[in-house]
Structures are given as structure tokens and as C-alpha cells.
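Inspection log for the structure reproduced underneath, given as C-alpha cells.
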4 protein chains.
Amino acid sequence: MRGQFKFQEDWVYKMPVHFGGYPFYPVRTVYGDMTGLQVGFETDPEKLLPLIPEDFELLKPQVNVQYANCREVEWMAGGDYRLIQVTAPVRYMGNSEGLVGEYALVVWENKACPIIGGREEDGVPKIFADIALERHNGDYWFTAASYESVNFLKLDFRKTGEMSEGEIAEANKNPKINLFGWRYLPNLGKGGATLSHATLYPQEATIRQGWTGEGTVTWTEVTPEQHPLQWKIINTLAGLPVVRFTGATMMKTTARLNVGDSRILP
Amino acid sequence: MRGQFKFQEDWVYKMPVHFGGYPFYPVRTVYGDMTGLQVGFETDPEKLLPLIPEDFELLKPQVNVQYANCREVEWMAGGDYRLIQVTAPVRYMGNSEGLVGEYALVVWENKACPIIGGREEDGVPKIFADIALERHNGDYWFTAASYESVNFLKLDFRKTGEMSEGEIAEANKNPKINLFGWRYLPNLGKGGATLSHATLYPQEATIRQGWTGEGTVTWTEVTPEQHPLQWKIINTLAGLPVVRFTGATMMKTTARLNVGDSRILP
Amino acid sequence: MRGQFKFQEDWVYKMPVHFGGYPFYPVRTVYGDMTGLQVGFETDPEKLLPLIPEDFELLKPQVNVQYANCREVEWMAGGDYRLIQVTAPVRYMGNSEGLVGEYALVVWENKACPIIGGREEDGVPKIFADIALERHNGDYWFTAASYESVNFLKLDFRKTGEMSEGEIAEANKNPKINLFGWRYLPNLGKGGATLSHATLYPQEATIRQGWTGEGTVTWTEVTPEQHPLQWKIINTLAGLPVVRFTGATMMKTTARLNVGDSRILP
Amino acid sequence: MRGQFKFQEDWVYKMPVHFGGYPFYPVRTVYGDMTGLQVGFETDPEKLLPLIPEDFELLKPQVNVQYANCREVEWMAGGDYRLIQVTAPVRYMGNSEGLVGEYALVVWENKACPIIGGREEDGVPKIFADIALERHNGDYWFTAASYESVNFLKLDFRKTGEMSEGEIAEANKNPKINLFGWRYLPNLGKGGATLSHATLYPQEATIRQGWTGEGTVTWTEVTPEQHPLQWKIINTLAGLPVVRFTGATMMKTTARLNVGDSRILP
């Protein structure tokens with residue numbers, strides 16, 4: 001008895017494929033209630049450039065660490081998850097478009113479902129961590145990430161001012177963000193890649209409320225035993241020198257992730 | 001400042017790629033302590049064949065549901081996770097090898113790390129669920145799987161006999177299992193696949209102790225709201241008629257997952 | 001070497017006591033952001049009265065099931081937890097005050113810390129469950145509770161109208177709620193109680209936004225194996241007949257739990 | 001309509017009481033499969049004595065930290081949980097029995113159910129933490145405890161030898177352990193205790209396999225914001241000087257917790 005599952009040409013599937021796909025349409029999914037904490041720091045470009053593929057130009061030796069509590073996630077029926085995204089500002093040099101955005105060095109998320117989709121459908125290098133809810137004592141806010149009870153990252157923020165309506169309106173004139181990733185699948189049973197290319201994942205965020213302040217990120221190195229899959233990532237990031245913290249914000253936003261506008265970059 | 005990350009030819013990488021790869025070697029990773037509950041049932045081939053790609057021949061209209069509590073997992077520094085694997089017995093028809101094994105309809109796992117690896121490095125359609133530890137009242141054993149507190153699968157087993165040393169020795173003469181998957185990545189921003197092929201993921205399991213018995217699997221359908229990403233999978237499997245349960249076993253095994261012997265099937 | 005820990009008379013302690021206590025002060029702790037779903041049903045008084053201690057008079061044969069997503073919890077540094085509270089309307093008859101409120105039949109919570117405090121410091125019968133975040137498809141909202149992936153309670157709500165400012169102002173004229181519990185500690189090594197008395201735990205909730213609608217609660221019975229500590233509780237509640245659902249609401253509130261005003265009732 | 005719930009004299013209840021109790025019988029519950037890591041250290045008695053109630057005599061200035069992975073827990077239908085117990089060796093001086101055992105300074109557990117029972121039915125000061133599974137790299141074993149992704153304790157152990165059958169048989173001649181606690185409930189609405197007394201909780205452990213080695217415990221202080229309910233406990237323990245580590249073991253045991261033999265000490 002031959003199997004009867006056939007792919008529909010030009011349809012879109014996810015693994016497991018054989019439960020069926022659907023015709024392509026440009027999914028743009030709303031994140032109705034996002035709370036973000038962003039901290040940036042200047043680093044040594046000699047340490048950062050080895051983490052940026054040659055197809056990108058680093059615009060400045062800056063690392064941005066963004067915690068987000070994602071709520072009212074449309075594709076999760078209003079469910080939620082949390083993430084910590086580490087990026088650097090770049091220009092894509094592989095074609096003549098001069099696309100500018102943030103290259104995703106790593107994105108930790110605390111649920112498997114968005115990790116799978118982000119990796120496979122956008123090339124965003126999402127991996128798992130326990131990520132604590134943002135909590136606070138008055139205007140001092142904090143969160144942390146860990147694996148098997150071993151903390152590797154703390155993020156601290158102190159609010160010092162609130163954005164005015166004018167500042168918010170100004171910032172919302174340019175809601176678009178280009179997030180760049182690198183989608184890669186290995187060969188099986190031998191070295192090399194089956195698939196390897198830069199990706200563009202366009203996103204938009206509309207600020208509803210915002211605060212300025214001072215923030216820091218604090219890494220704690222881990223041993224290979226403590227975190228067999230991520231120790232190299234964590235310790236490499238922990239090794240990036242902090243020349244100075246360049247600013248920090250807290251934001252309440254509504255975001256739209258334009259998955260359907262994602263592109264393979266040549 | 002151009003990025004400086006370059007791929008080493010023939011090295012192996014995982015996303016995020018830019019923290020470095022390593023030369024290929026045939027990873028064979030040991031799962032030192034596995035406890036499994038297996039329940040099989042005969043179903044209507046007309047319902048099952050649409051879930052099997054045309055490159056495979058269904059050997060009999062049988063569905064095997066296997067719960068495993070994976071402990072002493074070498075690549076997790078002795079860590080653990082749990083899975084429920086649903087397969088059907090097939091022969092691969094895409095080449096002349098006549099490979100026989102189990103086609104993975106779906107594999108639920110309760111941790112993100114093995115899900116990512118299994119999908120990307122083996123084409124096994126792993127997705128997330130909360131999976132309860134196997135518990136028991138005397139010889140009656142049970143487990144369950146759920147998402148956001150909504151149960152969708154229960155597995156029940158009653159031990160009626162123990163395998164003799166001779167039976168175990170006999171069974172251990174053929175420890176190899178061919179697990180077949182289908183690795184797929186979509187295009188970005190349009191329909192169709194960037195990559196789509198059958199995979200072979202060879203595994204071995206050595207039985208240390210085994211029991212025969214009677215078992216059942218019980219599905220509960222879910223609504224799209226309750227489980228936006230998996231309702232179709234769950235409800236399709238829930239719709240497979242159980243002609244009869246064909247046997248059930250409980251096993252303590254040591255397994256070896258031969259990731260490095262995985263292959264893309266033509 | 002004699003131990004040196006001594007209790008300060010009239011101070012307040014929690015186990016472990018020897019890390020020190022503090023002078024009594026009337027704690028009133030704010031829950032800054034609560035989202036609630038309430039569903040009530042009329043039941044058979046003959047089934048409900050055996051669950052109400054003799055010191056209380058049941059005001060009507062009504063059961064109220066309230067889910068709450070508790071956020072911005074002051075004593076958790078802005079942390080969160082979720083609960084499902086099952087109560088019946090009563091009058092306390094043990095003294096002449098004529099106190100009217102809700103008797104707590106059971107309260108499930110998804111974190112250990114509020115469970116401990118509620119039981120020991122207020123006599124509220126809190127026990128553990130996994131409780132899903134409220135999610136929704138448009139105006140249809142739902143949540144569920146489970147233990148080890150076995151669902152035992154679902155709560156469904158459909159918004160049909162929003163409370164007007166006038167209705168909210170009217171409702172907020174009486175923000176106080178008397179929650180009654182029964183605090184009990186067993187003897188050790190023999191039967192009987194070391195301590196057993198009714199409690200009053202005063203609370204206040206100010207509505208910020210409210211919706212009316214239709215709701216249902218659906219119980220699923222569990223076996224003793226599935227839930228050794230709670231099967232009797234769940235199955236007893238599942239056995240309360242639903243004569244009719246009496247109304248349902250969804251509320252955004254700010255609450256104040258007046259722990260320091262809790263009282264032992266005579 | 002008066003409530004109809006009455007306590008049966010001499011029966012035993014748990015909150016919520018009104019779902020019924022049962023006649024007292026001396027519960028002795030088996031933990032079929034325990035894996036423990038124990039590390040002891042000598043400390044400054046001047047720092048430790050303030051944590052020991054006056055009714056106890058400290059036998060030596062020693063702190064014992066014990067991690068246990070509790071599996072095949074009979075009262076959980078074969079379920080599991082993990083704990084980290086911190087104790088000091090004492091003699092109870094409140095009566096003439098001369099009872100010797102370990103006074104429980106604090107016990108962290110990763111599930112609410114055993115926490116509730118231990119506090120209320122045995123006076124053991126159990127509180128919640130995330131506790132990682134013991135993992136290892138060869139003979140080096142480790143675990144950690146955290147709260148909201150903030151690590152506060154690490155336990156490391158290196159196996160250097162295995163206990164002989166003779167040593168195990170010798171150790172198993174005295175399987176009994178006296179665990180002492182202090183059960184306390186506050187008054188409501190004012191200071192002072194409703195109930196406050198020492199407790200004895202007899203336990204037994206039979207060693208199946210054991211290893212000697214070297215171990216350390218490493219505390220990390222936390223801020224009140226990070227851990228509002230436990231910072232004082234953690235920081236006090238972190239402040240106990242380690243004069244020297246006095247030995248470490250790893251054990252596979254079967255335990256019997258003699259809850260029914262627990263006693264209120266006069």
C-alpha cells in the first residue's frame with residue numbers, strides 16, 4: 001500500500017508536513033501587548049566582527065540586548081512568551097538595496113513553539129532559556145535568564161524619565177525594523193550545509209508608552225557541563241568588552257511581525 | 001567594518017552559526033537510561049495512507065505509540081526529557097535499498113533543545129507538549145500529554161508478564177531501528193519548499209528489562225483556539241479508527257542515537 | 001552549646017522561624033493588575049450543604065468559580081500567579097456579627113509561595129494546580145486547570161456586553177469582600193486537631209473595566225492514581241449538579257488583600 | 001440552610017477539611033528510588049547558634065547540605081520531586097529522652113504538594129525553589145537551585161571511591177534518622193503564635209549504593225527584590241563561614257518517611 005501524501009505545489013508546510021499545508025499568504029501577526037527593556041553597549045569591534053557574517057557591514061561597534069514580554073500573541077490565541085534578543089546594527093552588502101537593520105546574534109525564548117517557527121521560517125537563531133518575568137521595586141526593573149537553575153544573564157534598568165507624547169509620535173513615524181538572520185541546515189551524515197543564506201524578517205512596533213533610564217546587562221560564564229549546547233554562545237557574549245552602556249529604555253508597544261514578508265537574501 | 005565570520009567548508013554548524021562550527025564526525029549519542037511504554041493498534045489503511053508520503057509503502061495498517069522517559073542523556077550531561085512518538089511501519093521506495101523501518105507521524109517532546117536538533121538534523125517532526133512522568137498503581141502504568149492544561153492524549157498500560165532473559169537476548173540480536181522522517185523548510189515570502197526530502201535516522205536500543213501487557217491510547221480532540229498549532233495533527237490522529245489494540249510492552253533500555261549516520265534519502 | 005534562637009513575644013514569624021520575625025503590622029498588600037473570569041451556577045443544596053461547616057449558613061445554593069490572573073503582586077516585587085477559587089455565599093453564625101461573605105471550598109493556585117501563606121496565615125484552603133493563562137478567540141475566552149497533564153476543569157466565557165462607567169462606579173461603592181476559610185492543623189502521631197477554627201480574610205477589589213456574558217465550568221473526574229491528593233475534592237465538585245448557570249463576568253480590577261485584618265472566628 | 005459539615009472526633013483532616021477526613025493510622029510512606037548528594041562543612045558556632053532554638057543543643061558546629069532526587073514516591077503514585085535540605089546536628093533538651101538528630105534549618109523543594117504536607121504535618125520548614133536534576137561529566141556531579149532564574153545555591157561533588165558491600169551493610173545497621181523541625185502558625189490580625197512547638201519526624205534510609213568524594217556548596221546572595229520571601233534565609237546561610245568542608249557522599253537509597261510516628265515535642 002503506497003503512501004498517498006503529496007505536496008501541493010506552492011503550498012506552505014511545516015514539519016510534520018503530511019498533516020497538510022495551506023496556500024501561501026503573507027502572514028502578518030499581531031503581538032497586542034509587548035513590554036520591552038532595552039539596554040545597549042559599545043564594545044570592541046575586533047571582538048564583535050567575528051560574529052557578523054561577511055555579507056554584513058557592522059554600522060557601529062554596538063550590542064543591543066532587548067528583553068520582551070510578548071502578550072496577546074495573535075497566533076497563540078492571545079497566549080504569551082518571553083524573549084531576550086541580542087543584536088548588532090548592520091547593513092546588508094550582498095545586494096544593492098543597502099538594507100539596514102539589526103543582525104540577530106542570538107535570541108533566547110522560553111517556549112518551544114516560537115523557537116521552531118523563528119528558526120525555520122525566518123532564520124532567526126532562537127534557542128531556549130528560562131526567562132523570568134520583568135519585576136520591579138519602584139522604578140528599578142530587572143529580569144534574568146537561566147538554564148537548569150544556572151543564571152547566565154541579568155538585565156537591570158532604572159527609569160529616570162518618561163517619553164512625551166511628542167517623542168512617542170516622532171518615534172512612531174518609523175515603526176519598521178529589519179531583523180536579519182542566517183538560516184542554516186546541515187547536511188546529514190557528512191559535513192557542510194544543505195541550506196545556508198541570510199534572511200530578512202521585517203517587523204513593526206508602535207510605541208504606546210516609553211521611558212528612558214539607565215541599564216546594564218551582566219553575563220555569568222557557564223561551564224560546558226552546565227550548558228552543553230550554549231556555553232560557547234554565552235561565554236563569547238560574556239567576553240565582549242563593555243566600553244560603555246549607551247542608553248536604556250522601557251517600552252510598551254504593539255508589534256506586527258511580518259512573517260509573510262520575510263525574504264531569503266541573495 | 002565588514003563582518004568577519006566565514007563558514008569553514010565541510011564543517012557542521014547549528015543556528016546561530018556565527019559562534020562557530022566543528023569538523024564533521026559521526027556523532028552517536030548514548031541515552032543511558034530509557035523507560036518506554038509502547039502501545040500499537042490496527043487502523044483503517046484508508047485513513048492512514050494519506051499521512052504517509054508516496055515515497056513510502058505502508059507495511060501494515062498499524063500505528064505505534066511510544067512514550068519514553070529519556071534519562072542519562074549523554075549530550076545533555078546526563079539530563080533528561082520525555083517524548084511520545086507516533087509511527088507507522090513502512091518501506092522506503094525511493095531507491096533500491098528496500099529500507100524498512102518506522103515513519104514518524106509526529107513526535108512530542110517536553111523540551112525545546114531535542115526538538116530543534118531532531119527537526120533540523122534528522123528531519124524528525126518533533127513538536128512541543130507537556131508530557132507527564134510515567135506513574136503507576138501497582139502494575140497499572142499511565143502517562144498523559146497536554147498543552148496549556150488541555151489534555152489530548154492518555155496512554156495506559158497493565159503489566160501481565162515479564163520477558164525472560166532468553167526473550168531479551170533474542171530481541172537484542174536486532175537492536176537497530178530505522179526511523180524515517182521528512183525534513184522540510186519553506187520558502188520565505190512565497191509558497192513552496194526551499195528543502196524537502198525524506199530522511200533516515202538510525203537508532204539502536206538494547207533491552208535491559210521488559211514486560212508484556214495490555215495497553216490503550218486515548219485521544220481527546222482539541223479546538224483550534226485551545227491549540228492553534230497542533231489541533232489538526234491531534235484531531236487527525238484522534239480520527240484514526242482503532243480496529244484493535246495489537247499489543248503493548250514496557251521496556252527499560254539503553255539507546256544509541258546514531259545522528260552521524262543520518263542520511264538524506266534520494 | 002545551647003541554641004540561641006528565641007521568639008520575640010508578639011512578633012510574627014513564618015516557618016522557618018529561626019531566621020527571625022518582625023513586629024506585627026496590619027499588612028494590606030496590593031494586586032495592581034488582576035484579570036478575572038467568574039462563572040456562577042445554582043446547585044442542589046443537599047449536595048452543597050455537606051461541604052459547608054455548621055458554623056455557616058448557606059445563603060443560597062450557589063457555587064461561584066472565579067479564575068484570576070494576578071499581576072503586579074506587590075509582595076512578589078510585581079510578580080504574578082494564577083488561581084481558580086470555588087466558593088459559596090454564606091453567613092457566619094458563630095457570633096452575633098452576622099458576617100456575610102463567600103466560604104472558600106477550594107482555591108487552586110499555580111505557585112507554592114501564595115499557597116503556603118494563604119493556608120497558614122488566612123486559613124484559605126489553597127492547593128496546587130497547573131492553571132493556563134486566559135486566552136481567547138475574539139470575545140470567546142477560556143482557561144483550564146490540570147495536574148500532571150490531566151485536565152480536570154475548564155472555564156469558558158463569551159463576552160456579550162461591557163459594563164458602563166455608571167455600572168462600574170455603582171459596583172465600586174462596595175469593594176469589600178469577606179472571604180471565609182477554615183484553618184486546621186492535625187495532631188502529630190495521633191488523630192484529632194491541634195488547631196481548627198473558622199477564619200475571616202477581608203479583601204477589596206476595585207473594578208477598572210468589566211464585561212457581562214455567558215459562561216460555563218466543565219469538570220472532568222480523575223482517578224485516585226491520576227491525582228492521589230485531590231481526586232476526592234475534584235470528583236465531589238464534579239458531582240455538584242448544575243441546575244443552571246446564573247451569570248458570568250470578566251473583570252479587570254485592582255485588589256487589596258487585607259491580610260493584617262484577618263481574624264480567627266470564635 | 002445550615003452547613004452540615006462536622007469533624008469526626010479523632011479523625012485526621014487536611015485543608016480543605018470539608019471534603020472529609022479519615023481515621024488516624026500511622027502512615028509510613030516509601031520513597032522507592034532516591035539519589036542523594038551530601039556535603040557537610042564546619043562553620044563558626046557563633047554564627048550558627050542563633051539559628052537553633054534554645055530547646056536544642058548543637059552537637060558540633062556543622063552544617064549538612066543534602067540534595068535528593070526523590071523518585072517512586074508512594075504517596076504520589078510513583079511521582080517525583082527534588083529537594084535541598086540544610087540541617088545541623090542537635091540534641092533535643094526539652095525532655096529527658098536525649099533525642100539526637102538533625103535540626104532542619106530550611107528545606108527547599110520544587111513541588112507544592114510535599115511542601116504543604118511537610119510544613120503542616122511535620123513542622124519541617126519547606127519552601128519553594130527551582131532545583132535542577134543532578135547532572136554530571138564523568139565522576140563530577142552537580143546541581144543548583146534558583147528562583148525566577150536567579151541562582152542562589154550550587155552543589156558540586158566529585159566521586160573518588162565507592163562504598164564496599166561491607167561498608168554499606170555496616171551503615172544500614174542504623175537506618176534511622178531523627179529530623180527535627182519547628183511547627184509554627186501565627187495569630188491572625190495581631191502578633192504572636194497560635195501554635196509553636198518543636199517536632200520530631202522519624203525517617204529511615206537504606207543504602208543501596210554509595211560513593212565517597214569531595215564536595216562543595218556555593219551560595220550566591222540575593223537582593224530583597226530578587227527574592228522577597230527568602231532573601232534573609234539565603235543571605236544568612238551564605239554568611240555562615242566555611243571553616244572547612246568535612247566530607248561528601250553520593251547515595252542511592254530507599255527511604256521510608258514515618259509521618260505517622262511524628263510527634264509534637266514538649
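For the C-alpha cells, the naming scheme is as follows: chains receive sequential letters (A, B, ...) according to their order of presentation, residues are indexed from 1 within each chain, and ligands are indexed from 1 in presentation order.
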Leaving out Ser96 in chain D and any residue of its chain fewer than 5 positions from it, which residues lie within 12 Å of it when counting only C-alpha atoms, given as a list of chain:residue names? D:Asp55, D:Arg91, D:Leu265, D:Pro266
Could you list the residues in chain A lying within 8 Å of chain C, using only C-alpha atoms, and format the result as a PyMOL selection string? chain A and resi 77-79+133-137
Selection to disk with all heavy atoms, as a short mmCIF file (atom, residue, chain, number, x, y, z; two decimals), in the first residue's frame:
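Generated file (selection_21.cif):
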data_model
loop_
_atom_site.label_atom_id
_atom_site.label_comp_id
_atom_site.auth_asym_id
_atom_site.auth_seq_id
_atom_site.Cartn_x
_atom_site.Cartn_y
_atom_site.Cartn_z
N ALA A 77 -3.48 32.46 20.09
CA ALA A 77 -4.81 32.71 20.67
C ALA A 77 -4.72 33.61 21.90
O ALA A 77 -5.41 33.38 22.90
CB ALA A 77 -5.51 31.38 21.01
N GLY A 78 -3.85 34.60 21.81
CA GLY A 78 -3.69 35.51 22.94
C GLY A 78 -2.74 34.99 24.00
O GLY A 78 -2.67 35.55 25.09
N GLY A 79 -1.99 33.97 23.70
CA GLY A 79 -1.00 33.44 24.63
C GLY A 79 0.22 34.34 24.75
O GLY A 79 0.26 35.43 24.15
N LEU A 133 9.91 36.72 34.35
CA LEU A 133 9.04 37.88 34.18
C LEU A 133 9.78 39.13 34.66
O LEU A 133 10.49 39.07 35.65
CB LEU A 133 7.80 37.68 35.05
CG LEU A 133 6.76 38.80 35.05
CD1 LEU A 133 6.02 38.84 33.73
CD2 LEU A 133 5.77 38.60 36.20
N GLU A 134 9.57 40.26 33.97
CA GLU A 134 10.14 41.51 34.48
C GLU A 134 9.46 41.83 35.81
O GLU A 134 8.24 41.77 35.91
CB GLU A 134 9.95 42.65 33.46
CG GLU A 134 8.58 43.28 33.37
CD GLU A 134 7.58 42.51 32.50
OE1 GLU A 134 7.89 41.38 32.06
OE2 GLU A 134 6.46 43.03 32.26
N ARG A 135 10.25 42.14 36.81
CA ARG A 135 9.70 42.56 38.11
C ARG A 135 10.35 43.88 38.49
O ARG A 135 11.23 44.37 37.78
CB ARG A 135 9.95 41.47 39.17
CG ARG A 135 9.13 40.21 38.91
CD ARG A 135 9.31 39.18 40.02
NE ARG A 135 10.67 38.70 40.06
CZ ARG A 135 11.30 38.24 41.16
NH1 ARG A 135 10.66 38.21 42.31
NH2 ARG A 135 12.54 37.82 41.10
N HIS A 136 9.94 44.46 39.58
CA HIS A 136 10.49 45.79 39.91
C HIS A 136 10.29 46.16 41.36
O HIS A 136 9.42 45.61 42.05
CB HIS A 136 9.83 46.85 39.03
CG HIS A 136 8.38 47.06 39.32
ND1 HIS A 136 7.89 48.19 39.91
CD2 HIS A 136 7.32 46.25 39.13
CE1 HIS A 136 6.58 48.08 40.05
NE2 HIS A 136 6.20 46.91 39.59
N ASN A 137 11.12 47.06 41.81
CA ASN A 137 10.96 47.72 43.10
C ASN A 137 10.87 49.19 42.76
O ASN A 137 11.88 49.83 42.45
CB ASN A 137 12.17 47.40 43.99
CG ASN A 137 12.06 48.07 45.34
OD1 ASN A 137 11.11 48.80 45.61
ND2 ASN A 137 13.04 47.83 46.18
#
Strand (DSSP E or B) residues, from DSSP on the backbone, in range 33-204 of chain D, as a count of residues only: 102
Work out how far CA of Gly215 in chain B is from CA of Pro241 in chain B, in Å to one decimal.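 Computing the Euclidean distance for CA of Pro241 in chain B and CA of Gly215 in chain B yields 15.8 Å.
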Residues at most 7 Å from range 254-259 of chain D, counting only C-alpha atoms, excluding those fewer than 3 positions away in the same chain, as a PyMOL selection string? chain D and resi 27-34+201-207+262
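Using only C-alpha atoms, the smallest distance between any of C:Leu195, C:Ile264, C:Ala145, C:Met250 and Gln38 in chain C comes from C:Met250.
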Name the residues of range 21-259 of chain B that fall into helix (DSSP H, G or I) according to DSSP on the backbone, using the chain letters and numbers of this document, as a ChimeraX atom specification. /B:45-51,74-76,112-122,165-171,231-238,259
